[in-house]
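Enquirer: Quick one: this structure, given as structure tokens, is what I'll be asking you about.
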Amino acid sequence: FGKEPLQLTLRGTTDGTSELDPSPDYLSASSVPLMIKLGIGSDDDHPPPSLRVTKRGAAPMGGGAVELYCPIVKELRPLELVDFGKVKRVRGTAVSCRVPPSSAARVAHSAKGVLHRLLPDVWIHTDVHTGSGRKRKGGEGDPPSGCGPSPGLGVLLTATTTEGVCLSAECSMNHNVRDSNGGESFDGGVAQQALERRKMELPEDLGRRSATMLLHEIHAGGCVDAGCQSFALLMMCLAPEDVSRIRLGPLSQYAVVSLRLYKETFGVEFKLRVMEEEGAEEDEDGFDDDRRRNRSQKTVLCSCLGIGYRNMARAST
């Protein structure tokens with residue numbers, strides 16, 4: 001909502017903080033498609049929003065760089081996102097910084113081993129970085145670059161449905177390894193470092209954990225994943241004075257607090273309706289009550305009237 005398009009270069013941590021903050025890869029895979037559905041960058045005057053990682057930097061020391069571009073927004077479109085569809089493909093990226101190159105391949109292989117049981121169209125790209133440069137060649141316009149001083153390993157998975165819904169899940173290897181005395185340490189002798197390596201999560205476990213997280217997001221039945229709920233609700237508040245609707249899975253605690261803040265700030269109240277859908281048809285033998293309850297799927301249909309926020313920084317025609 002500014003006078004000129006926003007173009008920034010942000011420097012810091014790009015990977016390894018999935019438990020606290022979303023990574024640039026997650027925002028590019030989950031939030032940017034939602035912005036495009038809201039009409040941001042839909043005109044021919046400016047390209048759509050984009051978020052591109054130019055240099056990787058894992059936690060805790062960072063050292064990465066990200067290029068952010070967002071066009072001028074005159075006004076948003078009402079959001080209508082209630083049809084989930086069926087999952088048709090899964091794409092992902094396994095990123096490694098200053099760790100053995102085989103670690104990213106092990107993560108990708110483990111995640112595909114879980115997802116291939118349910119879906120054949122699964123492709124996970126490995127993005128390996130070292131201190132001097134990238135191990136594998138990048139695409140056109142993506143020159144080799146180094147990474148930050150900290151080691152890191154993470155993976156992002158995105159499922160796309162037939163209705164254009166994008167659900168993402170990411171996880172990273174935990175570096176806060178605790179020793180036998182309960183303290184956290186990255187320094188020490190060879191024996192201490194060997195002990196820390198034994199306590200760290202294996203790449204195979206990381207891949208299975210990421211695939212399980214994505215399957216949980218799909219099973220929730222929402223049209224956006226849990227990490228993008230509050231952002232979608234905020235955009236609905238700023239939409240034109242028309243009804244916007246979205247289907248969400250179980251509301252996260254962050255989304256519940258956000259709803260209270262939006263009511264206090266914008267005066268917008270959401271209508272929440274719990275919708276329950278039964279799973280697949282029963283077998284001939286039938287199910288008992290517990291199994292039928294587990295197969296039921298509850299989603300929340302959220303609707304509201306936007307405040308009609310417009311860009312007042314320049315004339316709109």
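By convention in this document, the chains of the structure tokens carry letters A, B, ... by their order, each chain's residues are numbered from 1, and ligands are numbered from 1 in the order they are shown.
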Return as a tab-separated table the residues of segment 60-86 of chain A lying at most 7 Å from segment 224-248 of chain A, together with the closest atom-to-atom pair for each and the distance in Å to one decimal, counting only C-alpha atoms, with rows in chain order and ascending residue number.
Expert:
```
residue	atom	partner	partner_atom	distance
A:Leu76	CA	A:Ala239	CA	5.1
A:Arg77	CA	A:Ala239	CA	5.9
A:Pro78	CA	A:Ser244	CA	5.2
A:Leu79	CA	A:Ser244	CA	4.7
A:Glu80	CA	A:Arg245	CA	5.0
A:Leu81	CA	A:Ile246	CA	4.6
A:Val82	CA	A:Arg247	CA	4.8
```
Enquirer: Tell me, as a PyMOL selection string, which residues lie within 8 Å of segment 144-155 of chain A, counting only C-alpha atoms; anything in the same chain fewer than 5 positions away does not count.
Expert: chain A and resi 15-16+54-64+92-99+103-104+107+129-134+137-138+170-173+206-207+210
Enquirer: Using only C-alpha atoms, which of A:Asp127, A:Leu38, A:Val53, A:Pro101 sits nearest Pro24 of chain A?
Expert: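 That would be A:Val53, the residue with the smallest distance to Pro24 of chain A.
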Enquirer: Could you name the residues that touch Pro49 of chain A at 9 Å or less, counting only C-alpha atoms, but leaving out those on the same chain fewer than 2 positions away, as a ChimeraX atom specification?
Expert: /A:32-33,35-36,40-41,46-47,51,68-71
Enquirer: Take the residues from that selection and put them in a file with C-alpha atoms, as a PDB file, in the first residue's frame.
Expert:
```pdb
ATOM      1  CA  VAL A  32       3.039 -15.677  -1.832  1.00  0.00           C
ATOM      2  CA  PRO A  33       0.404 -17.865  -3.612  1.00  0.00           C
ATOM      3  CA  MET A  35      -1.167 -12.967  -1.975  1.00  0.00           C
ATOM      4  CA  ILE A  36      -1.626 -13.688  -5.667  1.00  0.00           C
ATOM      5  CA  ILE A  40      -1.583  -8.626  -5.495  1.00  0.00           C
ATOM      6  CA  GLY A  41       0.458  -8.341  -8.691  1.00  0.00           C
ATOM      7  CA  HIS A  46       4.046  -4.917 -12.194  1.00  0.00           C
ATOM      8  CA  PRO A  47       5.234  -8.516 -11.749  1.00  0.00           C
ATOM      9  CA  LEU A  51      10.872 -13.868  -2.297  1.00  0.00           C
ATOM     10  CA  LEU A  68      11.982  -9.384  -1.463  1.00  0.00           C
ATOM     11  CA  TYR A  69       9.778  -7.742  -4.079  1.00  0.00           C
ATOM     12  CA  CYS A  70       6.167  -6.620  -3.641  1.00  0.00           C
ATOM     13  CA  PRO A  71       4.288  -4.533  -6.218  1.00  0.00           C
TER      14      PRO A  71
END
```
Enquirer: Using only C-alpha atoms, find the one residue out of A:Phe266, A:Leu119, A:Asp83, A:His109 that sits nearest to Thr299 of chain A.
Expert: A:Asp83
Enquirer: Using only C-alpha atoms, which residues sit within 7 Å of Phe270 of chain A once same-chain residues fewer than 3 positions away are excluded, as JSON, numbers by chain?
Expert: {"A": [302, 303, 304]}
Enquirer: Can I get the selected residues back with all heavy atoms, as a PDB file, in the first residue's frame?
Expert:
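Heads up, here's the output in part23.pdb:
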```
ATOM      1  N   CYS A 302     -14.532 -19.803   8.098  1.00  0.00           N
ATOM      2  CA  CYS A 302     -14.424 -18.440   8.610  1.00  0.00           C
ATOM      3  C   CYS A 302     -14.901 -17.458   7.545  1.00  0.00           C
ATOM      4  O   CYS A 302     -14.478 -17.543   6.382  1.00  0.00           O
ATOM      5  CB  CYS A 302     -12.981 -18.106   8.990  1.00  0.00           C
ATOM      6  SG  CYS A 302     -12.233 -19.244  10.155  1.00  0.00           S
ATOM      7  N   SER A 303     -15.746 -16.536   7.937  1.00  0.00           N
ATOM      8  CA  SER A 303     -16.259 -15.522   7.013  1.00  0.00           C
ATOM      9  C   SER A 303     -16.328 -14.182   7.731  1.00  0.00           C
ATOM     10  O   SER A 303     -16.527 -14.120   8.949  1.00  0.00           O
ATOM     11  CB  SER A 303     -17.643 -15.915   6.482  1.00  0.00           C
ATOM     12  OG  SER A 303     -18.567 -16.052   7.550  1.00  0.00           O
ATOM     13  N   CYS A 304     -16.155 -13.122   6.962  1.00  0.00           N
ATOM     14  CA  CYS A 304     -16.202 -11.777   7.535  1.00  0.00           C
ATOM     15  C   CYS A 304     -16.438 -10.766   6.431  1.00  0.00           C
ATOM     16  O   CYS A 304     -16.348 -11.075   5.227  1.00  0.00           O
ATOM     17  CB  CYS A 304     -14.898 -11.442   8.286  1.00  0.00           C
ATOM     18  SG  CYS A 304     -13.509 -11.101   7.203  1.00  0.00           S
TER      19      CYS A 304
END
```
Enquirer: Using atom CA of Gly306 of chain A and atom CA of Cys166 of chain A as the two end points, give the distance in Å to one decimal.
Expert: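 So the answer is 23.4 Å.
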Enquirer: Please provide the set of residues having any atom within 7 Å of Ala159 of chain A, restricted to only C-alpha atoms, with same-chain residues fewer than 2 positions apart removed, written as a ChimeraX atom specification.
Expert: /A:87,89-91,157,161,166-168
Enquirer: May I have the residues from that selection written out with C-alpha atoms, as an mmCIF file, in the first residue's frame?
Expert:
```cif
data_model
loop_
_atom_site.group_PDB
_atom_site.id
_atom_site.type_symbol
_atom_site.label_atom_id
_atom_site.label_comp_id
_atom_site.auth_asym_id
_atom_site.auth_seq_id
_atom_site.Cartn_x
_atom_site.Cartn_y
_atom_site.Cartn_z
ATOM 1 C CA VAL A 87 -3.768 -33.610 -3.593
ATOM 2 C CA ARG A 89 1.570 -33.419 -6.350
ATOM 3 C CA VAL A 90 4.178 -32.757 -3.683
ATOM 4 C CA ARG A 91 7.296 -30.666 -4.215
ATOM 5 C CA LEU A 157 7.504 -29.814 1.556
ATOM 6 C CA THR A 161 -4.361 -29.801 -4.767
ATOM 7 C CA CYS A 166 -0.966 -25.022 -1.364
ATOM 8 C CA LEU A 167 -0.108 -26.560 2.001
ATOM 9 C CA SER A 168 3.458 -26.407 3.307
#
```
Enquirer: If you run DSSP over the backbone, which residues in segment 7-240 of chain A end up alpha helix (DSSP H)? Put them as a VMD selection string.
Expert: chain A and resid 24 to 26 32 to 37 102 to 115 190 to 199 203 to 220 229 to 238
Enquirer: Name all residues at most 8 Å from Gly2 of chain A (count only C-alpha atoms; drop same-chain ones fewer than 5 positions away) and give them as a count of residues only.
Expert: 5
Enquirer: Check the smallest atom-to-atom distance from each of A:His125, A:Lys74, A:Arg52, A:Arg208 to Ser28 of chain A using only C-alpha atoms, then report the winner.
Expert: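 The shortest atom-to-atom distance to Ser28 of chain A comes from A:Arg52.
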